[in-house]
Each structure stands twice: as C-alpha cells, then as structure tokens.
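The next block holds one structure in the form of structure tokens; read it before the comments.
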Amino acid sequence: MMQSDDAVLAEAAGWRGAGRGVALATVVATWGSSPRPVGSQLAIKDDGAFIGSVSGGCIEGAVVREAIEVIGDGRPRLLEFGVTNEQAWDVGLACGGTVRVFVERLD
Amino acid sequence: MRQDLLQRVLADVAAKRPAVVVTHLTTGAQALVHGDGGAQGDPLPAAALAAAREALAADQSRTVDTPEGPLFLHVFSPPLRLVIVGAVHIAQPLAHMAALAGYAVSVVDPRRSFATKDRFPGVALSTEWPDEAMARIAPDARTVVITLTHDPKLDDPALAAALRSGAFYIGALGSRQTHARRLERLGALGFATTDLARIHGPVGLDIGAVSPAEIAVSILAQVTERRRRGAPA
C-alpha cells in the first residue's frame with residue numbers, strides 16, 4: 001500500500017529504534033507548480049534506503065545524498081530546488097516549480 | 001528531530017489529536033504545540049505559539065518569517081472521515097480507495113449479511129441503523145457521507161442526518177429518477193431546495209463508469225474535487 005506521511009514518520013521511528021542512522025526531509029515551502037504539497041516527507045536510512053516523497057521523483061536522489069551527509073554531521077540543512085538552480089544542483093524540477101526542503105537528523 | 005518528540009507526534013496522530021511541530025529552519029530548534037497552547041521541546045520565538053495556533057486552525061502547514069528567523073509549522077491533523085452507508089459491492093472498492101487517499105473510512109449497514117469482516121477486511125464496520133450510526137459519528141466539516149443502498153429506509157435517515165450536519169460532501173447513489181423521488185421525500189421532511197442541493201446525486205463525476213471499481217473512482221474523484229476546489233460557485 002502507498003505510504004501516507006504518518007507512515008513515513010512511523011517507519012523513520014522504527015529505523016532509528018533499530019539503531020540505524022536516519023534523516024527526515026520535509027517540504028517546507030513551494031512556489032509555482034510542484035508535485036508534493038508543503039509538509040510532505042521523505043525518511044532516509046543511513047544505507048540510502050528511503051520512504052515517502054518530496055517531489056514526483058525529480059529530486060529524491062539529491063535529497064538522499066544530502067541526507068546521508070546530515071546523518072553524518074548532524075547539522076540540519078535547508079535545500080532549494082528549482083529549474084533556475086541547475087547550476088547549483090545537478091537536479092531540478094521538470095514542472096518548473098521550486099521547492100524548499102528541510103533535512104534534519106533523527107537524534 | 002529528537003526521537004522523544006517524534007514519539008509524541010506519533011502518539012498524537014494515533015490519538016487523532018491535532019498538533020503542530022514548529023521547526024526553526026536555521027537553528028533546527030524544534031517543539032510540539034497543541035491547540036490548548038501547551039508546548040514541549042526547545043524554547044520557541046515569541047511569535048511561534050500564535051502562528052502555530054493559526055496554522056492549526058487553518059489546517060495548513062506553512063513557513064512563516066519572524067524577527068528571530070524562519071519557522072516551519074508542520075500541522076498534523078486527524079484524517080478526514082468518509083462514511084459509507086450500504087455495505088454493497090461498490091462500497092468494497094470505495095472503502096479501499098478512500099483509505100488510500102487518506103480518509104478514515106467507516107461502513108454502516110444494519111444488514112449483517114452485507115456488513116461482514118470478510119467483505120470489508122480492516123474497515124470500521126457498524127451494523128447500527130443509519131440514524132443511530134449518524135448520531136454517534138456526528139459528521140462535521142471534515143466528514144464525507146455517501147449512501148449506496150438505494151433503499152429509502154436506509155439511505156433517507158442517513159441523508160437527513162448528513163443534511164443537518166456540516167458534512168462537506170454528501171452523495172447518494174441512484175439514477176436521476178431515483179434521486180428525484182428521494183428529493184421529494186426529503187423535501188416532505190422539511191428540507192429546503194438549497195439544503196437538498198448539497199446532495200450530489202447521482203453520486204460521482206460523469207465519466208461513464210460501469211463496474212463497481214469504476215463507480216468508486218468517479219465518486220472519489222468528485223469528493224476530491226469538492227475537497228480541493230471547494231463548493232461549486
């Protein structure tokens with residue numbers, strides 16, 4: 001079954017409870033058309049496994065890479081993705097929107 | 001986020017208790033705020049509590065800028081409820097699809113041969129009469145009520161209760177003829193034409209649906225439209 005955002009949090013709690021490094025990524029703002037609304041979440045495990053979504057699949061790869069860094073150093077990051085950002089990031093949103101994603105470690 | 005805070009959020013979700021997680025987007029400081037103004041976690045900027053309560057009332061997660069930096073307000077609201085009266089064939093795919101779309105689904109049918117666990121695995125089932133069930137469920141502005149029985153004895157009391165409530169979507173299965181007769185009966189109970197116009201009948205978007213699953217798609221599509229776009233002008 002598809003995961004609701006509550007299920008994403010429950011899965012993250014389960015991973016952390018099992019002793020894994022876990023990060024949470026949350027859509028905190030969007031501009032223009034974007035596939036997932038504010039509040040959408042992606043949970044990332046230290047081995048790169050993830051559940052949930054913060055886009056239609058366009059930026060999850062980059063968010064997971066950043067999340068692995070966050071799991072390592074514990075420093076939260078605020079990321080922004082949009083078509084205008086292609087120089088800064090190797091991914092963008094095909095839909096033309098912009099999303100801001102907060103990534104934090106589950107401590 | 002700290003694990004203890006996450007556990008509290010999950011407990012709120014399980015208890016269907018509205019809550020807001022407030023996160024300072026530059027420092028990562030975080031706290032959980034409830035409707036009564038209670039807060040647990042890190043100290044929050046002065047503006048945070050009022051902003052959290054506003055986000056809770058609007059049922060909308062958002063980022064707000066404060067003199068002390070940007071705050072993200074993540075609202076966790078109980079799921080919308082979807083009540084199906086009539087444990088008929090169409091109710092089976094509809095209950096499943098509505099649960100996928102995030103609704104807390106319950107199915108009401110006093111006919112025990114219809115409302116069985118085998119037919120509706122994992123669904124909240126009630127064999128109360130619809131008027132009793134509706135009194136208990138008390139539909140509100142976060143509730144959908146759909147009648148599927150075609151039987152006036154079962155559908156009409158449920159529709160009457162839904163019309164007296166703030167339910168944001170009311171739908172009734174049945175042909176145009178059946179629906180016209182239904183509106184006559186409900187009109188005789190004293191409901192005005194403007195009240196009766198709240199009932200979507202025949203229920204669902206007109207997409208030529210034939211099979212029970214297709215009809216469930218058309219119903220859920222209309223519920224979605226009503227939820228996301230509001231009442232038609």
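Numbering starts fresh at 1 for the residues of each chain in the structure tokens, the chains themselves are lettered A, B, ... in the order given, and ligands are numbered from 1 as they appear.
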
Can you pull out every residue within 10 Å of Gly52 of chain A, counting only C-alpha atoms, but drop anything in the same chain fewer than 6 positions away, and send it as a list in words?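 Counting only C-alpha atoms, the residues come to Met2, Gln3, Ser4, Asp5, Asp6, Ala7, Val8, Leu9, Glu11, Ala25, Ser40, Gln41, Leu42, Ala43, Ile44 and Glu60 of chain A.
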
Closest atom pairs, chain A residues within 8 Å of chain B, only C-alpha atoms, as CSV:
```
residue,atom,partner,partner_atom,distance
A:Met1,CA,B:Leu100,CA,7.5
A:Met2,CA,B:Leu100,CA,6.9
A:Ser4,CA,B:Gly102,CA,7.1
A:Asp6,CA,B:Val13,CA,7.5
A:Leu9,CA,B:Leu10,CA,7.5
A:Ala10,CA,B:Leu10,CA,6.9
A:Ala13,CA,B:Gln3,CA,7.1
A:Arg16,CA,B:Gln3,CA,7.9
A:Val28,CA,B:Thr63,CA,6.1
A:Ala29,CA,B:Thr63,CA,6.4
A:Val38,CA,B:Ser61,CA,6.2
A:Gly39,CA,B:Ser61,CA,6.0
A:Pro76,CA,B:Gly28,CA,6.2
A:Arg77,CA,B:Thr26,CA,7.9
A:Leu78,CA,B:Leu25,CA,7.0
A:Phe102,CA,B:Leu25,CA,7.2
A:Glu104,CA,B:Met1,CA,6.6
A:Arg105,CA,B:Met1,CA,6.3
A:Leu106,CA,B:Met1,CA,4.9
A:Asp107,CA,B:Arg2,CA,4.7
```

Would you mind exporting all heavy atoms of the selected residues as a compact mmCIF listing (two decimals), in the first residue's frame?
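out_8.txt, freshly written:
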```
# COMPACT_ATOMS: atom_id res chain seq x y z
N MET A 1 0.84 -1.20 0.00
CA MET A 1 0.00 0.00 0.00
C MET A 1 0.88 1.26 0.00
O MET A 1 1.98 1.25 0.53
CB MET A 1 -0.91 -0.01 1.23
CG MET A 1 -2.00 1.05 1.16
SD MET A 1 -2.91 1.20 2.70
CE MET A 1 -4.12 -0.08 2.53
N MET A 2 0.41 2.32 -0.62
CA MET A 2 1.15 3.56 -0.62
C MET A 2 1.29 4.09 0.79
O MET A 2 0.44 3.89 1.63
CB MET A 2 0.40 4.58 -1.48
CG MET A 2 1.30 5.57 -2.17
SD MET A 2 0.31 6.86 -2.94
CE MET A 2 0.16 8.00 -1.58
N SER A 4 1.28 6.85 3.63
CA SER A 4 0.88 8.20 3.99
C SER A 4 2.06 8.84 4.71
O SER A 4 3.01 8.18 5.08
CB SER A 4 -0.33 8.16 4.91
OG SER A 4 0.05 7.72 6.18
N ASP A 6 2.15 10.00 7.65
CA ASP A 6 2.24 9.45 9.01
C ASP A 6 3.03 8.15 9.00
O ASP A 6 3.83 7.87 9.88
CB ASP A 6 0.85 9.18 9.60
CG ASP A 6 0.00 10.44 9.64
OD1 ASP A 6 0.58 11.54 9.57
OD2 ASP A 6 -1.22 10.31 9.71
N LEU A 9 6.75 8.73 8.98
CA LEU A 9 7.30 9.03 10.32
C LEU A 9 7.41 7.76 11.16
O LEU A 9 8.39 7.57 11.88
CB LEU A 9 6.43 10.06 11.04
CG LEU A 9 6.57 11.50 10.57
CD1 LEU A 9 5.68 12.41 11.41
CD2 LEU A 9 8.03 11.96 10.66
N ALA A 10 6.40 6.90 11.07
CA ALA A 10 6.42 5.66 11.85
C ALA A 10 7.59 4.79 11.40
O ALA A 10 8.30 4.20 12.22
CB ALA A 10 5.09 4.92 11.69
N ALA A 13 10.82 6.21 12.74
CA ALA A 13 10.97 5.89 14.16
C ALA A 13 11.43 4.44 14.34
O ALA A 13 12.29 4.15 15.19
CB ALA A 13 9.65 6.14 14.90
N ARG A 16 15.17 4.15 13.43
CA ARG A 16 16.02 4.74 14.48
C ARG A 16 16.02 3.84 15.71
O ARG A 16 17.06 3.63 16.34
CB ARG A 16 15.50 6.14 14.85
CG ARG A 16 16.44 6.92 15.75
CD ARG A 16 17.70 7.34 15.01
NE ARG A 16 18.76 7.77 15.93
CZ ARG A 16 19.72 6.96 16.39
NH1 ARG A 16 19.76 5.71 16.00
NH2 ARG A 16 20.64 7.42 17.21
N VAL A 28 9.07 22.39 3.04
CA VAL A 28 8.64 23.49 3.92
C VAL A 28 8.08 24.67 3.13
O VAL A 28 7.43 25.55 3.71
CB VAL A 28 9.76 23.95 4.86
CG1 VAL A 28 10.18 22.81 5.78
CG2 VAL A 28 10.95 24.49 4.10
N ALA A 29 8.32 24.74 1.83
CA ALA A 29 7.73 25.80 1.01
C ALA A 29 7.77 25.38 -0.44
O ALA A 29 8.66 24.62 -0.85
CB ALA A 29 8.49 27.12 1.20
N VAL A 38 3.36 21.24 0.73
CA VAL A 38 4.11 21.55 1.95
C VAL A 38 3.74 20.54 3.04
O VAL A 38 2.56 20.21 3.21
CB VAL A 38 3.78 22.99 2.40
CG1 VAL A 38 4.33 23.27 3.80
CG2 VAL A 38 4.35 24.00 1.41
N GLY A 39 4.74 20.04 3.74
CA GLY A 39 4.50 19.04 4.79
C GLY A 39 4.83 17.63 4.33
O GLY A 39 4.94 16.72 5.15
N PRO A 76 21.50 20.35 10.48
CA PRO A 76 20.35 20.43 9.57
C PRO A 76 20.65 21.33 8.37
O PRO A 76 21.47 22.23 8.45
CB PRO A 76 19.24 21.03 10.43
CG PRO A 76 19.91 21.67 11.58
CD PRO A 76 21.22 20.97 11.78
N ARG A 77 20.02 21.05 7.26
CA ARG A 77 20.24 21.84 6.04
C ARG A 77 18.91 22.23 5.43
O ARG A 77 17.95 21.47 5.49
CB ARG A 77 21.02 21.04 5.01
CG ARG A 77 22.48 20.78 5.36
CD ARG A 77 22.97 19.60 4.55
NE ARG A 77 24.40 19.33 4.65
CZ ARG A 77 25.02 18.84 5.73
NH1 ARG A 77 24.34 18.63 6.85
NH2 ARG A 77 26.31 18.57 5.71
N LEU A 78 18.91 23.41 4.81
CA LEU A 78 17.74 23.89 4.09
C LEU A 78 18.12 23.93 2.61
O LEU A 78 18.98 24.70 2.21
CB LEU A 78 17.35 25.29 4.60
CG LEU A 78 16.01 25.86 4.19
CD1 LEU A 78 14.86 24.91 4.53
CD2 LEU A 78 15.79 27.21 4.87
N PHE A 102 13.71 20.96 4.05
CA PHE A 102 14.50 20.96 5.28
C PHE A 102 14.91 19.53 5.60
O PHE A 102 14.08 18.63 5.62
CB PHE A 102 13.65 21.54 6.42
CG PHE A 102 14.38 21.64 7.74
CD1 PHE A 102 15.38 22.58 7.93
CD2 PHE A 102 14.05 20.79 8.79
CE1 PHE A 102 16.04 22.69 9.15
CE2 PHE A 102 14.71 20.89 10.01
CZ PHE A 102 15.71 21.84 10.19
N GLU A 104 16.88 17.07 8.33
CA GLU A 104 17.37 17.04 9.72
C GLU A 104 17.65 15.59 10.11
O GLU A 104 17.06 14.66 9.57
CB GLU A 104 16.31 17.63 10.67
CG GLU A 104 15.02 16.82 10.62
CD GLU A 104 13.85 17.46 11.35
OE1 GLU A 104 14.04 17.90 12.50
OE2 GLU A 104 12.75 17.48 10.77
N ARG A 105 18.53 15.43 11.08
CA ARG A 105 18.83 14.09 11.56
C ARG A 105 17.83 13.73 12.66
O ARG A 105 17.44 14.58 13.45
CB ARG A 105 20.26 14.03 12.10
CG ARG A 105 20.67 12.62 12.52
CD ARG A 105 22.16 12.51 12.76
NE ARG A 105 22.55 13.22 14.00
CZ ARG A 105 23.82 13.29 14.43
NH1 ARG A 105 24.79 12.74 13.72
NH2 ARG A 105 24.10 13.93 15.54
N LEU A 106 17.45 12.47 12.71
CA LEU A 106 16.62 11.98 13.81
C LEU A 106 17.57 11.54 14.91
O LEU A 106 18.32 10.57 14.74
CB LEU A 106 15.76 10.81 13.31
CG LEU A 106 14.70 10.26 14.27
CD1 LEU A 106 13.80 11.36 14.79
CD2 LEU A 106 13.88 9.20 13.56
N ASP A 107 17.58 12.30 16.02
CA ASP A 107 18.54 12.03 17.09
C ASP A 107 17.96 11.19 18.20
O ASP A 107 16.75 11.19 18.39
CB ASP A 107 19.04 13.36 17.68
CG ASP A 107 20.00 14.04 16.71
OD1 ASP A 107 20.83 13.34 16.11
OD2 ASP A 107 19.89 15.28 16.54
```

Atom CA of Ile68 of chain A to atom CA of Phe50 of chain A, distance in Å rounded to a single decimal: 11.0 Å

Could you go through segment 156-212 of chain B and tell me which residues DSSP, when run on the backbone, assigns to alpha helix (DSSP H), listing them as a list in words? Asp156, Pro157, Ala158, Leu159, Ala160, Ala161, Ala162, Leu163, Arg176, Gln177, Thr178, His179, Ala180, Arg181, Arg182, Leu183, Glu184, Arg185, Leu186, Gly187, Ala188, Thr193, Thr194, Asp195, Leu196 and Pro212 of chain B

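Atom CA of Val88 of chain B sits 16.5 Å away from atom CA of Ala209 of chain B.
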
Pick from B:Gly204, B:Gly37, B:Pro121, B:Pro157 nearest to Val217 of chain B, counting only C-alpha atoms: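 Closest residue, counting only C-alpha atoms: B:Gly204.
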